[in-house]
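Everything below belongs to start28.txt, which stores compact mmCIF, C-alpha atoms.
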```
# COMPACT_ATOMS: atom_id res chain seq x y z
CA MET A 1 108.02 79.82 221.16
CA LYS A 2 108.06 77.24 218.37
CA LYS A 3 110.19 77.89 215.34
CA LEU A 4 108.43 78.54 212.07
CA SER A 5 109.38 76.50 209.03
CA LEU A 6 111.00 78.53 206.28
CA GLY A 7 107.89 78.20 204.07
CA LEU A 8 105.51 79.36 206.77
CA PHE A 9 107.88 82.19 207.72
CA LEU A 10 107.99 83.47 204.15
CA ALA A 11 104.21 83.20 203.86
CA ALA A 12 103.71 85.07 207.10
CA ALA A 13 106.18 87.73 206.04
CA ALA A 14 104.41 88.18 202.71
CA VAL A 15 101.07 88.64 204.44
CA MET A 16 102.34 90.92 207.19
CA GLY A 17 104.47 93.00 204.88
CA SER A 18 101.90 93.75 202.19
CA GLY A 19 98.50 93.20 203.73
CA PHE A 20 97.63 90.46 201.26
CA LEU A 21 99.06 87.30 199.76
CA LYS A 22 100.92 88.00 196.54
CA ILE A 23 100.74 85.77 193.47
CA GLY A 24 103.65 83.34 193.63
CA SER A 25 104.00 83.54 197.42
CA PRO A 26 103.76 80.45 199.65
CA ALA A 27 100.20 80.09 200.89
CA PRO A 28 99.73 80.27 204.68
CA GLU A 29 97.88 77.60 206.60
CA PHE A 30 94.20 78.17 207.32
CA GLY A 31 93.56 80.39 210.32
CA GLN A 32 90.94 80.20 213.05
CA GLY A 33 87.40 79.07 212.38
CA VAL A 34 84.95 76.22 212.75
CA TRP A 35 85.09 73.32 210.28
CA THR A 36 81.78 71.83 209.21
CA LYS A 37 80.61 69.50 206.40
CA GLY A 38 83.90 67.64 206.72
CA LYS A 39 87.08 67.23 208.74
CA LYS A 40 89.59 69.98 209.38
CA VAL A 41 91.67 70.57 206.27
CA SER A 42 95.37 71.37 206.17
CA LEU A 43 96.87 72.93 203.05
CA ALA A 44 100.17 71.25 203.90
CA SER A 45 98.55 67.84 203.35
CA PHE A 46 98.00 68.64 199.66
CA LYS A 47 101.50 69.92 198.93
CA GLY A 48 103.21 67.90 196.23
CA LYS A 49 99.97 66.04 195.50
CA GLN A 50 97.16 68.32 194.38
CA MET A 51 96.28 71.88 193.57
CA VAL A 52 93.74 73.41 195.95
CA ALA A 53 90.80 75.59 194.88
CA ILE A 54 89.29 77.68 197.68
CA LEU A 55 85.94 79.44 197.45
CA PHE A 56 85.37 82.44 199.72
CA TRP A 57 81.73 83.44 200.16
CA GLN A 58 79.18 84.86 202.56
CA PRO A 59 75.45 84.08 202.96
CA GLU A 60 73.91 86.35 200.37
CA HIS A 61 72.27 85.81 197.01
CA SER A 62 75.32 86.95 195.01
CA SER A 63 77.13 83.85 196.26
CA VAL A 64 74.58 81.35 194.99
CA LEU A 65 75.86 81.02 191.43
CA ALA A 66 79.43 80.82 192.67
CA MET A 67 78.50 78.02 195.06
CA GLN A 68 76.72 76.14 192.29
CA SER A 69 79.59 76.42 189.79
CA PHE A 70 82.17 75.58 192.47
CA SER A 71 80.24 72.50 193.57
CA ARG A 72 79.83 71.40 189.93
CA PHE A 73 83.56 71.84 189.35
CA ALA A 74 84.40 69.85 192.50
CA HIS A 75 82.15 67.01 191.34
CA GLN A 76 83.77 66.96 187.89
CA VAL A 77 87.37 66.80 189.11
CA ARG A 78 86.49 64.26 191.83
CA ARG A 79 89.42 65.46 193.92
CA GLU A 80 91.92 64.86 191.12
CA PRO A 81 93.92 66.89 190.26
CA VAL A 82 92.28 69.54 192.47
CA ALA A 83 91.08 69.49 196.05
CA CYS A 84 88.23 71.89 196.84
CA VAL A 85 87.60 73.79 200.07
CA ALA A 86 85.05 76.50 200.92
CA VAL A 87 85.44 79.32 203.44
CA ALA A 88 82.38 81.28 204.58
CA GLU A 89 82.34 84.62 206.35
CA GLY A 90 79.85 84.98 209.22
CA SER A 91 78.57 83.18 212.28
CA LEU A 92 78.18 79.41 212.35
CA GLN A 93 74.44 79.80 212.98
CA ASN A 94 73.90 82.03 209.92
CA ILE A 95 76.04 79.87 207.65
CA VAL A 96 74.35 76.61 208.61
CA LYS A 97 70.90 78.17 208.18
CA PHE A 98 71.71 79.58 204.75
CA PRO A 99 69.18 77.76 202.50
CA LEU A 100 71.57 77.03 199.64
CA VAL A 101 74.59 75.88 201.64
CA ARG A 102 73.69 72.40 200.40
CA GLN A 103 75.02 73.48 197.00
CA LEU A 104 78.48 72.79 198.41
CA GLY A 105 77.68 69.12 198.83
CA THR A 106 80.50 67.34 200.69
CA ILE A 107 83.09 70.09 200.13
CA PRO A 108 84.85 70.85 203.44
CA LEU A 109 83.54 74.17 204.81
CA LEU A 110 85.37 76.49 207.18
CA VAL A 111 83.22 79.10 208.93
CA ASP A 112 85.29 82.23 209.49
CA ASN A 113 83.60 84.65 211.91
CA ASN A 114 86.45 87.18 212.20
CA LYS A 115 87.83 87.26 208.64
CA SER A 116 91.12 85.75 209.76
CA ASN A 117 91.25 83.56 206.65
CA PHE A 118 89.89 86.20 204.30
CA ASN A 119 92.66 88.56 205.35
CA LEU A 120 95.26 85.86 204.73
CA PHE A 121 94.28 85.09 201.15
CA LEU A 122 92.37 88.08 199.75
CA ARG A 123 93.06 91.74 199.17
CA ALA A 124 90.86 94.24 200.96
CA GLU A 125 89.51 95.23 197.52
CA ASN A 126 88.39 91.71 196.61
CA ARG A 127 84.62 91.40 196.58
CA LEU A 128 82.86 88.21 197.52
CA PRO A 129 82.40 85.65 196.24
CA ALA A 130 86.05 85.16 195.30
CA ALA A 131 88.36 82.21 194.77
CA VAL A 132 92.04 81.34 194.94
CA LEU A 133 94.02 78.51 193.40
CA ILE A 134 97.03 77.07 195.24
CA GLY A 135 99.59 75.09 193.23
CA LYS A 136 101.04 71.71 194.10
CA ASP A 137 104.11 73.57 195.32
CA GLY A 138 101.97 75.34 197.90
CA LYS A 139 102.17 78.76 196.23
CA LEU A 140 99.34 81.06 195.22
CA LEU A 141 98.71 80.65 191.49
CA TRP A 142 95.66 82.81 190.99
CA ARG A 143 92.89 84.81 192.67
CA GLY A 144 89.65 85.97 191.06
CA ASN A 145 86.15 85.12 189.85
CA PRO A 146 85.12 81.58 190.97
CA ALA A 147 83.68 80.90 187.52
CA ARG A 148 87.21 81.02 186.06
CA ILE A 149 88.63 78.23 188.22
CA PRO A 150 88.23 75.51 185.51
CA PHE A 151 89.95 77.77 182.97
CA MET A 152 92.90 78.40 185.28
CA VAL A 153 93.25 74.73 186.24
CA ASN A 154 93.26 73.81 182.55
CA ALA A 155 95.92 76.45 181.84
CA VAL A 156 98.15 75.08 184.61
CA GLU A 157 97.73 71.47 183.48
CA LYS A 158 98.57 72.31 179.86
CA GLY A 159 101.57 74.43 180.75
CA LYS A 160 99.90 77.65 179.63
CA TYR A 161 99.91 79.35 183.01
CA ASP A 162 101.34 82.87 182.63
CA GLN A 163 102.28 84.26 186.03
CA LYS A 164 103.13 87.72 184.65
CA LYS A 165 99.65 88.04 183.14
CA VAL A 166 97.99 86.68 186.29
CA ILE A 167 99.81 89.27 188.40
CA GLY A 168 98.70 91.98 185.95
CA ASP A 169 95.10 90.76 186.16
CA ASP A 170 95.26 90.66 189.95
CA ASP A 171 96.64 94.21 190.21
CA PHE A 172 94.04 95.48 187.75
CA ASN A 173 91.17 93.83 189.63
CA ALA A 174 92.28 95.40 192.90
CA ALA A 175 92.67 98.89 191.40
CA PHE A 176 89.39 98.70 189.47
CA THR A 177 87.33 97.38 192.40
CA GLY A 178 88.81 100.01 194.69
CA MET A 179 87.73 102.77 192.31
CA ILE A 180 84.22 101.38 191.97
CA VAL A 181 83.81 101.17 195.75
CA LYS A 182 84.80 104.84 195.98
CA ASN A 183 82.46 105.79 193.09
CA ASN A 184 85.48 106.97 191.09
CA TYR A 185 83.91 106.09 187.75
CA LYS A 186 86.04 108.49 185.73
CA GLY A 187 89.17 106.84 187.07
CA ALA A 188 87.73 103.36 186.51
CA LEU A 189 86.90 104.14 182.87
CA ALA A 190 90.40 105.50 182.28
CA LEU A 191 91.86 102.37 183.86
CA LEU A 192 89.73 100.15 181.60
CA GLU A 193 90.84 102.04 178.50
CA LYS A 194 94.46 101.52 179.51
CA GLU A 195 93.77 97.86 180.26
CA LEU A 196 92.67 97.29 176.67
CA THR A 197 96.26 97.92 175.56
CA ARG A 198 97.74 95.26 177.87
CA PRO A 199 98.74 92.09 175.98
CA GLY A 200 96.65 88.99 176.61
CA VAL A 201 93.56 90.64 178.08
CA ASN A 202 90.06 89.64 177.02
CA PRO A 203 88.70 92.78 175.28
CA ARG A 204 85.08 91.62 175.60
CA GLU A 205 85.38 91.48 179.38
CA ILE A 206 86.98 94.91 179.56
CA VAL A 207 84.43 96.55 177.27
CA SER A 208 81.56 94.88 179.14
CA LEU A 209 82.88 96.54 182.31
CA GLN A 210 82.94 99.91 180.52
CA VAL A 211 79.40 99.38 179.32
CA GLY A 212 78.30 98.39 182.82
CA ILE A 213 79.66 101.61 184.30
CA TYR A 214 77.98 103.80 181.68
CA TYR A 215 74.66 101.97 181.81
CA ARG A 216 74.26 100.96 185.46
CA ARG A 217 76.37 103.53 187.30
CA LEU A 218 76.06 106.63 185.11
CA ASN A 219 72.65 105.81 183.61
CA SER A 220 73.79 106.63 180.05
CA VAL A 221 72.80 104.20 177.31
CA LYS A 222 74.22 106.62 174.74
CA ASP A 223 77.71 106.45 176.25
CA ALA A 224 77.44 102.67 176.66
CA VAL A 225 76.66 102.25 172.96
CA ALA A 226 79.48 104.67 172.06
CA ALA A 227 81.92 102.50 174.03
CA ILE A 228 80.76 99.44 172.09
CA HIS A 229 81.20 101.30 168.78
CA ARG A 230 84.78 102.16 169.73
CA ALA A 231 85.39 98.48 170.41
CA GLN A 232 83.88 97.52 167.05
CA LYS A 233 86.32 99.84 165.28
CA ARG A 234 89.18 98.24 167.18
CA TYR A 235 87.93 94.67 166.67
CA PRO A 236 85.71 94.91 163.55
CA LEU A 237 85.15 91.19 163.04
CA ASP A 238 84.45 90.16 166.62
CA PRO A 239 80.73 89.25 166.67
CA GLY A 240 80.62 89.55 170.45
CA PHE A 241 80.65 93.33 170.28
CA TYR A 242 77.68 93.36 167.91
CA GLU A 243 75.77 91.02 170.22
CA MET A 244 76.65 93.43 173.02
CA GLU A 245 75.31 96.38 171.03
CA LEU A 246 72.08 94.57 170.19
CA LYS A 247 71.47 93.80 173.87
CA MET A 248 72.21 97.38 174.88
CA LEU A 249 69.84 98.80 172.26
CA GLU A 250 67.12 96.55 173.67
CA LEU A 251 67.87 97.44 177.30
CA GLY A 252 67.85 101.12 176.40
CA HIS A 253 64.56 100.82 174.49
CA MET A 254 66.28 102.05 171.33
CA GLU A 255 64.48 99.72 168.92
CA ASN A 256 64.38 102.56 166.40
CA LYS A 257 68.13 102.04 165.96
CA LEU A 258 67.85 98.34 165.07
CA GLY A 259 67.31 98.96 161.36
CA GLU A 260 70.58 100.85 161.08
CA PHE A 261 72.27 98.22 163.25
CA TYR A 262 71.28 95.34 160.95
CA PHE A 263 72.19 97.28 157.82
CA ARG A 264 75.68 97.80 159.25
CA LEU A 265 75.90 94.22 160.54
CA THR A 266 75.04 92.64 157.19
CA SER A 267 77.55 94.86 155.44
CA ILE A 268 80.40 93.96 157.80
CA PHE A 269 79.66 90.23 157.92
CA LYS A 270 78.56 89.77 154.31
CA ASP A 271 81.15 87.01 153.91
CA HIS A 272 80.43 85.36 157.26
CA PRO A 273 77.10 83.50 156.90
CA ARG A 274 77.55 81.54 160.14
CA ILE A 275 77.59 84.75 162.16
CA LEU A 276 74.59 86.15 160.30
CA LEU A 277 72.67 82.92 160.93
CA LYS A 278 73.17 83.38 164.66
CA PHE A 279 71.43 86.75 164.46
CA VAL A 280 68.68 85.29 162.27
CA THR A 281 67.98 82.69 164.96
CA GLY A 282 67.86 85.41 167.60
CA GLU A 283 65.33 87.44 165.62
CA LEU A 284 63.10 84.45 164.91
CA ASN A 285 63.05 83.51 168.60
CA ARG A 286 61.83 86.90 169.76
CA PRO A 287 58.34 87.26 171.29
CA PHE A 288 55.84 88.36 168.64
CA ALA A 289 55.50 91.79 170.24
CA LYS A 290 59.20 92.45 169.66
CA MET A 291 59.58 90.96 166.19
CA ASN A 292 60.35 93.40 163.38
CA PRO A 293 59.65 92.05 159.86
CA GLU A 294 62.17 94.35 158.19
CA ASN A 295 65.00 93.32 160.51
CA ILE A 296 64.24 89.62 160.04
CA TYR A 297 64.22 90.03 156.27
CA THR A 298 67.44 92.06 156.19
CA VAL A 299 69.60 89.65 158.13
CA ALA A 300 68.03 86.41 156.81
CA ARG A 301 68.39 87.49 153.19
CA ALA A 302 71.99 88.55 153.79
CA ALA A 303 72.82 85.15 155.29
CA ALA A 304 71.25 83.31 152.34
CA ASN A 305 73.15 85.45 149.84
CA ALA A 306 76.45 85.68 151.69
CA GLY A 307 79.76 84.75 150.13
CA LYS A 308 82.51 82.38 151.25
CA TYR A 309 80.39 79.52 152.52
CA SER A 310 82.49 76.83 154.15
CA SER A 311 80.45 74.09 152.44
CA LYS A 312 77.33 73.34 150.42
CA ARG A 313 75.68 72.36 153.70
CA GLU A 314 76.28 75.82 155.19
CA LYS A 315 74.75 77.40 152.07
CA GLY A 316 71.75 75.07 152.31
CA ARG A 317 71.22 75.80 155.99
CA ALA A 318 71.32 79.54 155.32
CA MET A 319 68.70 79.16 152.58
CA LEU A 320 66.49 77.03 154.81
CA TYR A 321 66.58 79.69 157.54
CA TYR A 322 65.78 82.30 154.92
CA ALA A 323 62.80 80.22 153.78
CA GLN A 324 61.55 79.98 157.36
CA SER A 325 61.96 83.73 157.73
CA LEU A 326 59.94 84.37 154.57
CA TYR A 327 57.25 82.06 155.90
CA CYS A 328 57.11 84.14 159.12
CA LEU A 329 56.79 87.23 156.91
CA SER A 330 53.73 85.74 155.15
CA ARG A 331 55.50 85.15 151.83
CA VAL A 332 54.77 81.45 151.53
CA ASP A 333 55.30 81.58 147.77
CA LEU A 334 58.89 82.78 148.12
CA ALA A 335 59.47 80.54 151.14
CA LEU A 336 58.53 77.52 149.03
CA GLN A 337 60.93 78.51 146.24
CA ILE A 338 63.87 79.01 148.60
CA ALA A 339 63.14 75.84 150.61
CA GLU A 340 63.04 73.73 147.44
CA GLU A 341 66.26 75.33 146.22
CA SER A 342 67.95 74.45 149.51
CA LEU A 343 67.37 70.75 148.82
CA LYS A 344 70.14 70.57 146.21
CA TYR A 345 72.64 71.90 148.75
CA LEU A 346 71.46 69.74 151.63
CA LYS A 347 71.18 66.40 149.84
CA GLY A 348 73.07 63.81 151.86
CA GLU A 349 73.21 66.08 154.91
CA LYS A 350 71.35 65.59 158.20
CA GLU A 351 69.17 68.65 157.49
CA TYR A 352 67.89 67.20 154.21
CA LYS A 353 64.91 65.41 155.77
CA GLN A 354 63.89 68.60 157.59
CA ALA A 355 64.16 70.59 154.34
CA VAL A 356 61.97 68.04 152.53
CA GLU A 357 59.32 68.22 155.26
CA ILE A 358 59.36 72.02 155.34
CA SER A 359 59.11 72.22 151.55
CA GLY A 360 56.21 69.79 151.59
CA TYR A 361 54.33 71.82 154.18
CA TYR A 362 54.89 75.09 152.31
CA ARG A 363 53.65 73.45 149.12
CA LYS A 364 50.43 72.33 150.85
CA LEU A 365 50.03 75.76 152.38
CA ALA A 366 50.53 77.54 149.05
CA ALA A 367 47.89 75.31 147.45
CA PHE A 368 45.36 75.64 150.26
CA SER A 369 45.68 79.30 151.29
CA PRO A 370 43.76 80.69 148.23
CA LYS A 371 40.76 78.58 149.33
CA ILE A 372 40.57 80.25 152.72
CA LYS A 373 37.48 82.44 153.17
CA LYS A 374 36.64 84.94 155.86
```
Please lay out the structure from this file as structure tokens.
Amino acid sequence: MKKLSLGLFLAAAAVMGSGFLKIGSPAPEFGQGVWTKGKKVSLASFKGKQMVAILFWQPEHSSVLAMQSFSRFAHQVRREPVACVAVAEGSLQNIVKFPLVRQLGTIPLLVDNNKSNFNLFLRAENRLPAAVLIGKDGKLLWRGNPARIPFMVNAVEKGKYDQKKVIGDDDFNAAFTGMIVKNNYKGALALLEKELTRPGVNPREIVSLQVGIYYRRLNSVKDAVAAIHRAQKRYPLDPGFYEMELKMLELGHMENKLGEFYFRLTSIFKDHPRILLKFVTGELNRPFAKMNPENIYTVARAAANAGKYSSKREKGRAMLYYAQSLYCLSRVDLALQIAEESLKYLKGEKEYKQAVEISGYYRKLAAFSPKIKK
């Protein structure tokens, strides 16, 4: 029997002893499988040279976006400082026939028909698609959502990699996923509430998971909105939670609550015109059937009359949006006044020409509209 190197022995011991590869442990070599779309890849060949990002997937629609983002990332790094490898679960015939396997481009692909590689790198609780990042030292740096690979690579390169936090994230993901699989939603919600108190977590991600459980698993829009309101009290000036509430009100067909929502929004962000403008844009881009004149007026007027503008340009832009809102509300006379007033704030700015053209059109419209007959 051949002797194992110390690194491979430790990796094997970590896998055998715990049932999964721990963060910070030496990564084992790839197990059995059939290599396609490239030559056989050895993790040892990258040690001391490059990090390695590995995508684990199976032929189903949930893997498509992961494959696309992974392929895009591989193209951007062009093998420096990261090498990219994909591992697919299933038979060679099914993998090759999968219509969107071409999304992987020239990325080496290992077809794993007995999960030998999945069991080496992933926890049993990890859902596919998943990804891992191996450091130049050959140790596991991270495991999680494939979409977060660029973020993690950037953190490592800039010296901002926090192993303690990564381990905490990894443990949380395993516990949370395990509860969801067992339909233990009460336990999952309690875990999420506790997770919000852990330093360094992204509260938007945690709250979105809470909302998802209430809305999709428990079919309760009311509880989903209540969870968002709790988050707003905890993080009152984070606009993401108000965007989340707006989306939930729409999904739950609670348009009758939008008036109160915008009244509260404009009160909280009265000194943050840039945030209010984002909501103005959203309202103006709605389909006509879903547009509410009162809501448009409330938020657009608040943005135009907000305090603490960062510049004259920001004030002018807010007024121009307000003018466009008034035009949509059939008050061309007021729209013309506001548009012309915006000119003094936008002079010398790139929006000045647009403001001049809009003012000119409103002026023509105001002069012509009284002549219109049935």
* To do: May I ask for the distance between CA of Ile206 in chain A and CA of Lys222 in chain A, given in Å to one decimal place?
  => 18.0 Å
* **Straight-line distance linking CA of Tyr352 in chain A with CA of Met291 in chain A, stated in Å to one decimal** =>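 Pair CA of Tyr352 in chain A / CA of Met291 in chain A returns 27.9 Å.
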* To do: Measuring atom to atom with only C-alpha atoms, identify which of A:Pro150, A:Gly90, A:Gly31, A:Pro59 is nearest to Ser116 in chain A.
  =>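 That would be A:Gly31, the residue with the smallest distance to Ser116 in chain A.
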* To do: Could you pull out every residue with an atom within 12 Å of (93.2, 76.1, 186.7), file coordinates, counting all atoms listed in the file, and send them as a ChimeraX atom specification?
  => /A:50-54,73,77,81-83,131-136,140-162,166
Would you list the residues near (75.2, 74.7, 194.8) (no more than 10 Å away, in the coordinates of the file, using only C-alpha atoms) as a short mmCIF file (atom, residue, chain, number, x, y, z; two decimals) with C-alpha atoms, keeping the file's coordinate frame?
```
data_model
loop_
_atom_site.label_atom_id
_atom_site.label_comp_id
_atom_site.auth_asym_id
_atom_site.auth_seq_id
_atom_site.Cartn_x
_atom_site.Cartn_y
_atom_site.Cartn_z
CA SER A 63 77.13 83.85 196.26
CA VAL A 64 74.58 81.35 194.99
CA LEU A 65 75.86 81.02 191.43
CA ALA A 66 79.43 80.82 192.67
CA MET A 67 78.50 78.02 195.06
CA GLN A 68 76.72 76.14 192.29
CA SER A 69 79.59 76.42 189.79
CA PHE A 70 82.17 75.58 192.47
CA SER A 71 80.24 72.50 193.57
CA ARG A 72 79.83 71.40 189.93
CA LEU A 100 71.57 77.03 199.64
CA VAL A 101 74.59 75.88 201.64
CA ARG A 102 73.69 72.40 200.40
CA GLN A 103 75.02 73.48 197.00
CA LEU A 104 78.48 72.79 198.41
CA GLY A 105 77.68 69.12 198.83
#
```
* Closest of A:Phe46, A:Gly252, A:Ala226, A:Met319 to Cys84 in chain A - atom-to-atom distances counting only C-alpha atoms ->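 Ranking A:Phe46, A:Gly252, A:Ala226, A:Met319 by distance to Cys84 in chain A, first place goes to A:Phe46.
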* To do: Considering only C-alpha atoms, return as a list in words whatever protein or nucleic-acid residues lie within 10 Å of Glu195 in chain A, sequence-local ones (same chain, fewer than 6 positions apart) excluded.
  =>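 The residues satisfying every condition are Gly168, Asp169, Phe172, Leu189, Val201, Asn202, Pro203, Ile206 and Val207 of chain A.
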Go ahead and save the picked residues with C-alpha atoms, as a compact mmCIF listing (two decimals), keeping the file's coordinate frame.
```txt
# COMPACT_ATOMS: atom_id res chain seq x y z
CA GLY A 168 98.70 91.98 185.95
CA ASP A 169 95.10 90.76 186.16
CA PHE A 172 94.04 95.48 187.75
CA LEU A 189 86.90 104.14 182.87
CA VAL A 201 93.56 90.64 178.08
CA ASN A 202 90.06 89.64 177.02
CA PRO A 203 88.70 92.78 175.28
CA ILE A 206 86.98 94.91 179.56
CA VAL A 207 84.43 96.55 177.27
```
* Asked: Which polymer residues have any atom within 8 Å of an atom of Leu343 in chain A, counting only C-alpha atoms, with same-chain residues fewer than 3 positions away left out, as a ChimeraX atom specification?
  -> /A:316,339-340,346-347,352,355-356
* Point out the residue among A:Glu60, A:Ala188, A:Arg274, A:Glu250 with the least atom-to-atom distance to Lys97 in chain A, counting all atoms listed in the file. =>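 Using all atoms listed in the file, the shortest distance to Lys97 in chain A belongs to A:Glu60.
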